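So this one's target_27.txt, compact mmCIF, N, CA and C atoms and all ligand atoms:
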```
# COMPACT_ATOMS: atom_id res chain seq x y z
N MET A 1 -95.85 -28.85 -41.90
CA MET A 1 -96.82 -27.82 -41.55
C MET A 1 -96.29 -26.97 -40.39
N ALA A 2 -96.43 -25.65 -40.50
CA ALA A 2 -95.94 -24.76 -39.42
C ALA A 2 -96.81 -24.93 -38.19
N ASP A 3 -96.18 -24.76 -37.02
CA ASP A 3 -96.94 -24.85 -35.77
C ASP A 3 -97.88 -23.67 -35.66
N GLU A 4 -99.11 -23.96 -35.22
CA GLU A 4 -100.07 -22.88 -34.99
C GLU A 4 -100.26 -22.75 -33.48
N VAL A 5 -99.88 -21.58 -32.95
CA VAL A 5 -99.95 -21.36 -31.50
C VAL A 5 -100.82 -20.14 -31.23
N LYS A 6 -101.81 -20.35 -30.37
CA LYS A 6 -102.74 -19.27 -30.01
C LYS A 6 -102.79 -19.21 -28.50
N LEU A 7 -102.67 -18.00 -27.93
CA LEU A 7 -102.70 -17.86 -26.47
C LEU A 7 -103.89 -17.01 -26.06
N TYR A 8 -104.77 -17.61 -25.24
CA TYR A 8 -105.87 -16.86 -24.63
C TYR A 8 -105.31 -16.18 -23.39
N THR A 9 -105.43 -14.85 -23.35
CA THR A 9 -104.75 -14.07 -22.34
C THR A 9 -105.65 -12.97 -21.81
N PHE A 10 -105.10 -12.22 -20.87
CA PHE A 10 -105.79 -11.05 -20.31
C PHE A 10 -104.69 -10.10 -19.88
N GLY A 11 -104.83 -8.82 -20.21
CA GLY A 11 -103.75 -7.85 -20.02
C GLY A 11 -103.08 -7.91 -18.66
N GLY A 12 -103.87 -7.93 -17.59
CA GLY A 12 -103.27 -7.81 -16.26
C GLY A 12 -102.92 -9.15 -15.62
N SER A 13 -102.94 -10.22 -16.37
CA SER A 13 -102.73 -11.53 -15.74
C SER A 13 -101.24 -11.89 -15.65
N PRO A 14 -100.71 -12.02 -14.42
CA PRO A 14 -99.31 -12.42 -14.29
C PRO A 14 -99.07 -13.84 -14.80
N PHE A 15 -100.11 -14.68 -14.73
CA PHE A 15 -99.96 -16.07 -15.18
C PHE A 15 -99.85 -16.12 -16.71
N ALA A 16 -100.65 -15.29 -17.38
CA ALA A 16 -100.56 -15.23 -18.85
C ALA A 16 -99.24 -14.57 -19.26
N CYS A 17 -98.80 -13.56 -18.49
CA CYS A 17 -97.51 -12.88 -18.78
C CYS A 17 -96.38 -13.88 -18.75
N ARG A 18 -96.41 -14.76 -17.77
CA ARG A 18 -95.38 -15.78 -17.61
C ARG A 18 -95.24 -16.59 -18.91
N VAL A 19 -96.38 -16.96 -19.49
CA VAL A 19 -96.35 -17.77 -20.72
C VAL A 19 -95.88 -16.92 -21.90
N ARG A 20 -96.33 -15.65 -21.95
CA ARG A 20 -95.91 -14.78 -23.06
C ARG A 20 -94.40 -14.58 -23.02
N ILE A 21 -93.84 -14.42 -21.82
CA ILE A 21 -92.38 -14.26 -21.72
C ILE A 21 -91.68 -15.51 -22.26
N ALA A 22 -92.18 -16.69 -21.87
CA ALA A 22 -91.56 -17.94 -22.33
C ALA A 22 -91.67 -18.07 -23.86
N LEU A 23 -92.83 -17.74 -24.41
CA LEU A 23 -93.01 -17.82 -25.88
C LEU A 23 -92.03 -16.89 -26.57
N ASN A 24 -91.88 -15.69 -26.01
CA ASN A 24 -90.97 -14.71 -26.65
C ASN A 24 -89.52 -15.12 -26.51
N LEU A 25 -89.13 -15.63 -25.31
CA LEU A 25 -87.74 -16.08 -25.14
C LEU A 25 -87.40 -17.18 -26.12
N LYS A 26 -88.37 -18.04 -26.41
CA LYS A 26 -88.12 -19.15 -27.32
C LYS A 26 -88.33 -18.76 -28.78
N GLY A 27 -88.82 -17.54 -29.00
CA GLY A 27 -89.05 -17.08 -30.38
C GLY A 27 -90.16 -17.85 -31.08
N ILE A 28 -91.18 -18.24 -30.33
CA ILE A 28 -92.29 -19.00 -30.93
C ILE A 28 -93.37 -18.01 -31.40
N LYS A 29 -93.65 -18.06 -32.69
CA LYS A 29 -94.68 -17.17 -33.23
C LYS A 29 -96.04 -17.57 -32.68
N HIS A 30 -96.83 -16.60 -32.25
CA HIS A 30 -98.13 -16.93 -31.68
C HIS A 30 -99.12 -15.80 -31.89
N GLU A 31 -100.38 -16.20 -31.82
CA GLU A 31 -101.46 -15.22 -31.91
C GLU A 31 -102.04 -15.04 -30.52
N LEU A 32 -102.37 -13.79 -30.16
CA LEU A 32 -102.98 -13.54 -28.84
C LEU A 32 -104.48 -13.36 -28.99
N VAL A 33 -105.23 -13.97 -28.09
CA VAL A 33 -106.67 -13.72 -28.02
C VAL A 33 -106.91 -13.11 -26.64
N VAL A 34 -107.27 -11.83 -26.61
CA VAL A 34 -107.43 -11.13 -25.32
C VAL A 34 -108.86 -11.33 -24.83
N GLU A 35 -108.97 -11.93 -23.65
CA GLU A 35 -110.28 -12.23 -23.07
C GLU A 35 -110.78 -11.06 -22.22
N ASP A 36 -112.10 -10.95 -22.13
CA ASP A 36 -112.74 -10.08 -21.15
C ASP A 36 -113.20 -11.03 -20.04
N LEU A 37 -112.51 -10.97 -18.88
CA LEU A 37 -112.79 -11.99 -17.85
C LEU A 37 -114.15 -11.81 -17.18
N SER A 38 -114.80 -10.66 -17.42
CA SER A 38 -116.15 -10.51 -16.89
C SER A 38 -117.19 -11.04 -17.88
N ASN A 39 -116.71 -11.43 -19.06
CA ASN A 39 -117.61 -11.97 -20.09
C ASN A 39 -116.79 -12.93 -20.95
N LYS A 40 -116.48 -14.09 -20.35
CA LYS A 40 -115.54 -15.01 -20.99
C LYS A 40 -116.11 -15.58 -22.29
N SER A 41 -115.22 -15.81 -23.25
CA SER A 41 -115.67 -16.33 -24.54
C SER A 41 -116.06 -17.81 -24.40
N ALA A 42 -116.90 -18.25 -25.34
CA ALA A 42 -117.31 -19.66 -25.36
C ALA A 42 -116.07 -20.54 -25.56
N ASP A 43 -115.10 -20.04 -26.35
CA ASP A 43 -113.89 -20.83 -26.60
C ASP A 43 -113.10 -21.05 -25.31
N LEU A 44 -112.95 -19.98 -24.50
CA LEU A 44 -112.18 -20.13 -23.25
C LEU A 44 -112.84 -21.19 -22.35
N ILE A 45 -114.15 -21.15 -22.27
CA ILE A 45 -114.86 -22.11 -21.40
C ILE A 45 -114.77 -23.53 -21.99
N LYS A 46 -114.80 -23.59 -23.33
CA LYS A 46 -114.68 -24.92 -23.98
C LYS A 46 -113.27 -25.50 -23.74
N TYR A 47 -112.25 -24.64 -23.86
CA TYR A 47 -110.88 -25.16 -23.77
C TYR A 47 -110.40 -25.34 -22.33
N ASN A 48 -111.01 -24.63 -21.39
CA ASN A 48 -110.60 -24.77 -19.98
C ASN A 48 -111.87 -24.88 -19.11
N PRO A 49 -112.62 -25.99 -19.31
CA PRO A 49 -113.92 -26.10 -18.62
C PRO A 49 -113.78 -26.26 -17.11
N VAL A 50 -112.63 -26.72 -16.64
CA VAL A 50 -112.47 -26.97 -15.20
C VAL A 50 -112.27 -25.65 -14.45
N ASN A 51 -111.30 -24.84 -14.88
CA ASN A 51 -110.99 -23.60 -14.14
C ASN A 51 -111.51 -22.33 -14.81
N LYS A 52 -111.74 -22.42 -16.13
CA LYS A 52 -112.23 -21.25 -16.90
C LYS A 52 -111.32 -20.02 -16.73
N THR A 53 -110.02 -20.26 -16.65
CA THR A 53 -109.06 -19.17 -16.45
C THR A 53 -108.12 -19.05 -17.64
N VAL A 54 -107.52 -17.85 -17.76
CA VAL A 54 -106.39 -17.67 -18.68
C VAL A 54 -105.11 -17.86 -17.87
N PRO A 55 -104.03 -18.28 -18.46
CA PRO A 55 -103.85 -18.55 -19.89
C PRO A 55 -104.32 -19.94 -20.30
N VAL A 56 -104.75 -19.99 -21.58
CA VAL A 56 -104.93 -21.28 -22.26
C VAL A 56 -104.13 -21.16 -23.55
N MET A 57 -103.34 -22.19 -23.86
CA MET A 57 -102.61 -22.17 -25.11
C MET A 57 -103.14 -23.27 -26.02
N LEU A 58 -103.39 -22.90 -27.27
CA LEU A 58 -103.79 -23.91 -28.26
C LEU A 58 -102.58 -24.17 -29.14
N HIS A 59 -102.17 -25.44 -29.22
CA HIS A 59 -101.06 -25.80 -30.11
C HIS A 59 -101.63 -26.73 -31.18
N ASN A 60 -101.65 -26.25 -32.40
CA ASN A 60 -102.26 -27.00 -33.50
C ASN A 60 -103.64 -27.53 -33.10
N GLY A 61 -104.39 -26.69 -32.40
CA GLY A 61 -105.77 -27.03 -32.02
C GLY A 61 -105.91 -27.74 -30.69
N ASN A 62 -104.78 -28.17 -30.08
CA ASN A 62 -104.87 -28.87 -28.79
C ASN A 62 -104.73 -27.88 -27.63
N PRO A 63 -105.71 -27.85 -26.71
CA PRO A 63 -105.61 -26.90 -25.59
C PRO A 63 -104.71 -27.41 -24.47
N ILE A 64 -103.92 -26.49 -23.92
CA ILE A 64 -103.10 -26.78 -22.73
C ILE A 64 -103.40 -25.67 -21.75
N THR A 65 -103.66 -26.03 -20.48
CA THR A 65 -104.03 -25.03 -19.49
C THR A 65 -103.04 -25.06 -18.32
N GLU A 66 -103.11 -24.02 -17.49
CA GLU A 66 -102.25 -23.80 -16.32
C GLU A 66 -100.86 -23.34 -16.78
N SER A 67 -100.49 -22.13 -16.34
CA SER A 67 -99.28 -21.50 -16.86
C SER A 67 -98.02 -22.36 -16.70
N LEU A 68 -97.86 -23.00 -15.54
CA LEU A 68 -96.63 -23.78 -15.34
C LEU A 68 -96.63 -25.05 -16.19
N VAL A 69 -97.82 -25.61 -16.39
CA VAL A 69 -97.93 -26.79 -17.27
C VAL A 69 -97.59 -26.38 -18.71
N ILE A 70 -98.08 -25.20 -19.10
CA ILE A 70 -97.82 -24.73 -20.47
C ILE A 70 -96.31 -24.53 -20.68
N ILE A 71 -95.65 -23.95 -19.68
CA ILE A 71 -94.21 -23.70 -19.82
C ILE A 71 -93.42 -25.01 -19.95
N GLU A 72 -93.81 -26.01 -19.17
CA GLU A 72 -93.12 -27.31 -19.31
C GLU A 72 -93.39 -27.91 -20.68
N TYR A 73 -94.61 -27.73 -21.18
CA TYR A 73 -94.96 -28.23 -22.51
C TYR A 73 -94.10 -27.53 -23.58
N LEU A 74 -93.94 -26.22 -23.42
CA LEU A 74 -93.12 -25.47 -24.40
C LEU A 74 -91.70 -26.04 -24.44
N ASP A 75 -91.14 -26.34 -23.26
CA ASP A 75 -89.79 -26.92 -23.21
C ASP A 75 -89.76 -28.32 -23.82
N ASP A 76 -90.84 -29.08 -23.65
CA ASP A 76 -90.88 -30.44 -24.21
C ASP A 76 -90.92 -30.41 -25.73
N VAL A 77 -91.65 -29.43 -26.28
CA VAL A 77 -91.87 -29.43 -27.73
C VAL A 77 -90.81 -28.61 -28.46
N TRP A 78 -90.45 -27.43 -27.90
CA TRP A 78 -89.44 -26.56 -28.52
C TRP A 78 -88.19 -26.63 -27.65
N LYS A 79 -87.23 -27.43 -28.06
CA LYS A 79 -86.06 -27.72 -27.20
C LYS A 79 -85.11 -26.52 -27.08
N GLU A 80 -85.14 -25.63 -28.11
CA GLU A 80 -84.18 -24.51 -28.08
C GLU A 80 -84.55 -23.52 -26.97
N ALA A 81 -83.54 -22.82 -26.45
CA ALA A 81 -83.70 -21.82 -25.39
C ALA A 81 -84.55 -22.38 -24.23
N PRO A 82 -84.08 -23.46 -23.57
CA PRO A 82 -84.90 -24.05 -22.51
C PRO A 82 -85.17 -23.05 -21.38
N ILE A 83 -86.38 -23.11 -20.85
CA ILE A 83 -86.78 -22.23 -19.75
C ILE A 83 -86.34 -22.86 -18.42
N LEU A 84 -86.58 -24.15 -18.29
CA LEU A 84 -86.22 -24.85 -17.05
C LEU A 84 -84.83 -25.47 -17.21
N PRO A 85 -84.10 -25.64 -16.07
CA PRO A 85 -82.78 -26.28 -16.16
C PRO A 85 -82.90 -27.73 -16.64
N GLN A 86 -81.86 -28.24 -17.26
CA GLN A 86 -81.85 -29.64 -17.71
C GLN A 86 -81.61 -30.59 -16.53
N ASP A 87 -80.82 -30.13 -15.56
CA ASP A 87 -80.48 -30.95 -14.39
C ASP A 87 -81.75 -31.20 -13.55
N ALA A 88 -81.99 -32.48 -13.23
CA ALA A 88 -83.25 -32.85 -12.56
C ALA A 88 -83.42 -32.17 -11.21
N TYR A 89 -82.31 -32.06 -10.44
CA TYR A 89 -82.44 -31.46 -9.11
C TYR A 89 -82.75 -29.97 -9.21
N ARG A 90 -82.03 -29.28 -10.12
CA ARG A 90 -82.30 -27.84 -10.29
C ARG A 90 -83.72 -27.62 -10.82
N LYS A 91 -84.14 -28.52 -11.70
CA LYS A 91 -85.50 -28.38 -12.23
C LYS A 91 -86.53 -28.53 -11.11
N ALA A 92 -86.28 -29.49 -10.21
CA ALA A 92 -87.20 -29.69 -9.08
C ALA A 92 -87.23 -28.44 -8.21
N GLN A 93 -86.05 -27.82 -8.00
CA GLN A 93 -86.00 -26.59 -7.19
C GLN A 93 -86.80 -25.47 -7.86
N ASP A 94 -86.63 -25.33 -9.16
CA ASP A 94 -87.36 -24.27 -9.87
C ASP A 94 -88.86 -24.50 -9.81
N ARG A 95 -89.26 -25.77 -9.93
CA ARG A 95 -90.70 -26.07 -9.82
C ARG A 95 -91.21 -25.70 -8.43
N PHE A 96 -90.38 -25.99 -7.40
CA PHE A 96 -90.78 -25.66 -6.03
C PHE A 96 -91.02 -24.16 -5.90
N TRP A 97 -90.07 -23.34 -6.42
CA TRP A 97 -90.20 -21.89 -6.23
C TRP A 97 -91.33 -21.32 -7.07
N ALA A 98 -91.56 -21.90 -8.23
CA ALA A 98 -92.69 -21.43 -9.05
C ALA A 98 -94.00 -21.70 -8.30
N LYS A 99 -94.10 -22.87 -7.68
CA LYS A 99 -95.30 -23.22 -6.91
C LYS A 99 -95.41 -22.33 -5.67
N PHE A 100 -94.25 -22.01 -5.08
CA PHE A 100 -94.23 -21.13 -3.91
C PHE A 100 -94.80 -19.75 -4.29
N ILE A 101 -94.41 -19.25 -5.45
CA ILE A 101 -94.94 -17.95 -5.90
C ILE A 101 -96.46 -18.03 -6.02
N ASP A 102 -96.95 -19.12 -6.65
CA ASP A 102 -98.41 -19.24 -6.86
C ASP A 102 -99.16 -19.46 -5.55
N ASP A 103 -98.61 -20.31 -4.68
CA ASP A 103 -99.37 -20.72 -3.48
C ASP A 103 -99.21 -19.73 -2.33
N LYS A 104 -98.05 -19.07 -2.22
CA LYS A 104 -97.77 -18.23 -1.05
C LYS A 104 -97.70 -16.74 -1.41
N CYS A 105 -96.84 -16.39 -2.39
CA CYS A 105 -96.62 -14.95 -2.65
C CYS A 105 -97.85 -14.28 -3.25
N ALA A 106 -98.40 -14.89 -4.32
CA ALA A 106 -99.51 -14.22 -5.01
C ALA A 106 -100.70 -14.00 -4.08
N PRO A 107 -101.16 -15.03 -3.31
CA PRO A 107 -102.29 -14.77 -2.41
C PRO A 107 -101.96 -13.72 -1.35
N ALA A 108 -100.72 -13.74 -0.82
CA ALA A 108 -100.36 -12.78 0.23
C ALA A 108 -100.36 -11.36 -0.32
N VAL A 109 -99.84 -11.18 -1.55
CA VAL A 109 -99.82 -9.83 -2.13
C VAL A 109 -101.25 -9.37 -2.43
N LEU A 110 -102.07 -10.26 -2.99
CA LEU A 110 -103.46 -9.89 -3.27
C LEU A 110 -104.20 -9.51 -2.00
N ASN A 111 -103.87 -10.21 -0.91
CA ASN A 111 -104.52 -9.93 0.37
C ASN A 111 -104.18 -8.52 0.89
N THR A 112 -102.99 -8.02 0.56
CA THR A 112 -102.66 -6.65 0.99
C THR A 112 -103.58 -5.65 0.29
N VAL A 113 -103.95 -5.98 -0.96
CA VAL A 113 -104.83 -5.08 -1.71
C VAL A 113 -106.25 -5.17 -1.17
N SER A 114 -106.75 -6.44 -1.04
CA SER A 114 -108.15 -6.57 -0.61
C SER A 114 -108.37 -6.12 0.84
N SER A 115 -107.29 -6.17 1.66
CA SER A 115 -107.45 -5.73 3.06
C SER A 115 -107.10 -4.25 3.21
N HIS A 116 -106.85 -3.57 2.07
CA HIS A 116 -106.48 -2.14 2.07
C HIS A 116 -105.25 -1.88 2.94
N GLY A 117 -104.26 -2.77 2.81
CA GLY A 117 -102.99 -2.54 3.49
C GLY A 117 -103.00 -2.84 4.98
N GLU A 118 -103.87 -3.74 5.38
CA GLU A 118 -103.95 -4.12 6.81
C GLU A 118 -102.57 -4.65 7.26
N GLU A 119 -102.18 -4.30 8.50
CA GLU A 119 -100.81 -4.54 8.97
C GLU A 119 -100.37 -6.01 8.89
N ASN A 120 -101.24 -6.91 9.36
CA ASN A 120 -100.88 -8.34 9.33
C ASN A 120 -100.70 -8.84 7.89
N ALA A 121 -101.55 -8.33 7.00
CA ALA A 121 -101.47 -8.75 5.59
C ALA A 121 -100.14 -8.28 5.01
N LEU A 122 -99.75 -7.05 5.34
CA LEU A 122 -98.47 -6.53 4.84
C LEU A 122 -97.30 -7.35 5.37
N ALA A 123 -97.36 -7.70 6.66
CA ALA A 123 -96.27 -8.46 7.27
C ALA A 123 -96.16 -9.84 6.62
N GLU A 124 -97.31 -10.45 6.34
CA GLU A 124 -97.32 -11.78 5.72
C GLU A 124 -96.72 -11.71 4.30
N ALA A 125 -97.15 -10.70 3.54
CA ALA A 125 -96.62 -10.56 2.16
C ALA A 125 -95.11 -10.31 2.21
N HIS A 126 -94.70 -9.48 3.15
CA HIS A 126 -93.27 -9.16 3.27
C HIS A 126 -92.48 -10.43 3.57
N GLU A 127 -93.01 -11.24 4.47
CA GLU A 127 -92.30 -12.47 4.86
C GLU A 127 -92.14 -13.41 3.65
N GLN A 128 -93.22 -13.58 2.90
CA GLN A 128 -93.16 -14.51 1.75
C GLN A 128 -92.20 -13.98 0.68
N LEU A 129 -92.29 -12.66 0.41
CA LEU A 129 -91.42 -12.08 -0.62
C LEU A 129 -89.96 -12.11 -0.20
N GLN A 130 -89.74 -12.03 1.13
CA GLN A 130 -88.36 -12.10 1.62
C GLN A 130 -87.76 -13.49 1.36
N PHE A 131 -88.57 -14.53 1.56
CA PHE A 131 -88.10 -15.90 1.23
C PHE A 131 -87.66 -15.95 -0.23
N LEU A 132 -88.49 -15.37 -1.10
CA LEU A 132 -88.22 -15.42 -2.53
C LEU A 132 -86.95 -14.61 -2.86
N GLU A 133 -86.86 -13.44 -2.26
CA GLU A 133 -85.69 -12.60 -2.53
C GLU A 133 -84.40 -13.29 -2.07
N ASN A 134 -84.45 -13.93 -0.91
CA ASN A 134 -83.26 -14.65 -0.43
C ASN A 134 -82.86 -15.72 -1.43
N GLU A 135 -83.87 -16.44 -1.95
CA GLU A 135 -83.59 -17.52 -2.90
C GLU A 135 -82.99 -16.94 -4.19
N LEU A 136 -83.59 -15.86 -4.70
CA LEU A 136 -83.10 -15.29 -5.96
C LEU A 136 -81.70 -14.71 -5.80
N GLY A 137 -81.33 -14.32 -4.57
CA GLY A 137 -80.02 -13.73 -4.33
C GLY A 137 -78.92 -14.76 -4.18
N ARG A 138 -79.31 -16.04 -4.06
CA ARG A 138 -78.26 -17.06 -3.87
C ARG A 138 -77.38 -17.15 -5.10
N GLU A 139 -76.06 -17.25 -4.87
CA GLU A 139 -75.11 -17.17 -5.98
C GLU A 139 -75.38 -18.21 -7.07
N GLU A 140 -75.67 -19.45 -6.64
CA GLU A 140 -75.83 -20.49 -7.67
C GLU A 140 -77.09 -20.28 -8.50
N VAL A 141 -78.07 -19.54 -7.93
CA VAL A 141 -79.27 -19.23 -8.72
C VAL A 141 -78.92 -18.19 -9.76
N LEU A 142 -78.16 -17.16 -9.33
CA LEU A 142 -77.80 -16.07 -10.25
C LEU A 142 -76.90 -16.56 -11.39
N TRP A 143 -76.09 -17.60 -11.12
CA TRP A 143 -75.11 -18.04 -12.12
C TRP A 143 -75.60 -19.15 -13.01
N ARG A 144 -76.88 -19.44 -13.01
CA ARG A 144 -77.39 -20.50 -13.88
C ARG A 144 -77.14 -20.25 -15.33
N1 LIG B 201 -103.04 -21.42 -11.66
C1 LIG B 201 -103.50 -20.72 -12.83
C2 LIG B 201 -104.03 -19.35 -12.42
C3 LIG B 201 -104.74 -18.66 -13.58
C4 LIG B 201 -105.58 -17.49 -13.10
O1 LIG B 201 -105.93 -17.36 -11.91
N2 LIG B 201 -105.96 -16.63 -14.06
C5 LIG B 201 -106.83 -15.51 -13.74
C6 LIG B 201 -106.28 -14.23 -14.35
S1 LIG B 201 -104.82 -13.70 -13.50
C7 LIG B 201 -108.21 -15.75 -14.36
O2 LIG B 201 -108.32 -16.20 -15.46
N3 LIG B 201 -109.25 -15.42 -13.58
C8 LIG B 201 -110.60 -15.55 -14.03
C9 LIG B 201 -111.45 -16.28 -13.05
O3 LIG B 201 -110.92 -16.80 -12.05
O4 LIG B 201 -112.66 -16.35 -13.29
C10 LIG B 201 -102.35 -20.62 -13.85
O5 LIG B 201 -101.19 -20.64 -13.42
O6 LIG B 201 -102.61 -20.57 -15.07
```
Represent the supplied structure as structure tokens.
Amino acid sequence: MADEVKLYTFGGSPFACRVRIALNLKGIKHELVVEDLSNKSADLIKYNPVNKTVPVMLHNGNPITESLVIIEYLDDVWKEAPILPQDAYRKAQDRFWAKFIDDKCAPAVLNTVSSHGEENALAEAHEQLQFLENELGREEVLWR
């Protein structure tokens, strides 16, 4: 039986984009269900009752939530075109930076918007993004 993959998404969601990029890199056929986050569907709430957020991926009817969890699941099930490194140490580093983006960069960038560009908010976002840029510029990261 062919795999049935459905992704509950929202146009502007960077977390859903992350999963769509992984699905496309791996060439996994999938159906998109675009949510209206101001009027969430009963299915989204049923499949992600804890956070009620997108993305949610259904694989043969089984829901998987949280973008980074979904990406690891994709690598576990579809071995071709791995997203994460095979080496345990490099994989741990990538997990660290992915969590850094979620915990530090995303809130700092959002804060620049909600504070209408307040100076401290801009400085904080700049500092976090600089950490990320330094990491991405490291030679061994670029040569993976
Ligand atoms: N940590 C979650 C974050 C998901 C998230 O915050 N999604 C937003 C869209 S960008 C959402 O669904 N927001 C609706 C809400 O919070 O009610 C992940 O990585 O999947």
(request) For each of A:Asn48, A:Ser67, A:Thr9, A:Asn60, take the minimum atom-to-atom distance to ligand LIG 201 (chain B), counting all atoms listed in the file, then give the residue where this is smallest. (result) A:Ser67
(request) Kindly provide, as a count of residues only, all nucleotide and amino acid residues lying within 8 Å of ligand LIG 201 (chain B), counting all atoms listed in the file. (result) 25
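Note that DSSP on the backbone gives strand (DSSP E or B) to these residues of chain A: A:Val5, A:Lys6, A:Leu7, A:Tyr8, A:Thr9, A:Glu31, A:Leu32, A:Val33, A:Val34, A:Val56, A:Met57, A:Leu58, A:His59, A:Asn62, A:Pro63, A:Ile64, A:Thr65.
Put simply, atom N of Ser114 of chain A is 20.6 Å away from atom CA of Leu132 of chain A.
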(message) I need the residues in segment 9-128 of chain A that are alpha helix (DSSP H) according to DSSP; give them as a PyMOL selection string.
(response) chain A and resi 14-26+42-47+67-77+88-100+106-114+119-128
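Between atom C of Asn39 of chain A and atom N of Lys104 of chain A lies a distance of 27.2 Å.
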(request) Do a neighbour search on Leu74 of chain A at 9 Å with only C-alpha atoms, toss out local chain neighbours closer than 3 positions, and write the hits as JSON, numbers by chain. (result) {"A": [22, 23, 26, 69, 70, 71, 77, 78, 79, 82, 83]}
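Picture a line from atom C of Gln86 of chain A to atom C of Leu136 of chain A; it runs 19.2 Å.
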Hey, could you pull the box centre and edge lengths for segment 13-28 of chain A, axis-aligned, 8 Å padding per side, all listed atoms, to one decimal in Å, as lines of an AutoDock Vina configuration file?
```
center_x = -95.2
center_y = -14.7
center_z = -22.8
size_x = 31.5
size_y = 24.9
size_z = 33.1
```
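Residues surrounding Leu25 of chain A within 6.5 Å are A:Arg20, A:Ile21, A:Ala81 [only N, CA and C atoms; sequence separation below 4 positions excluded].
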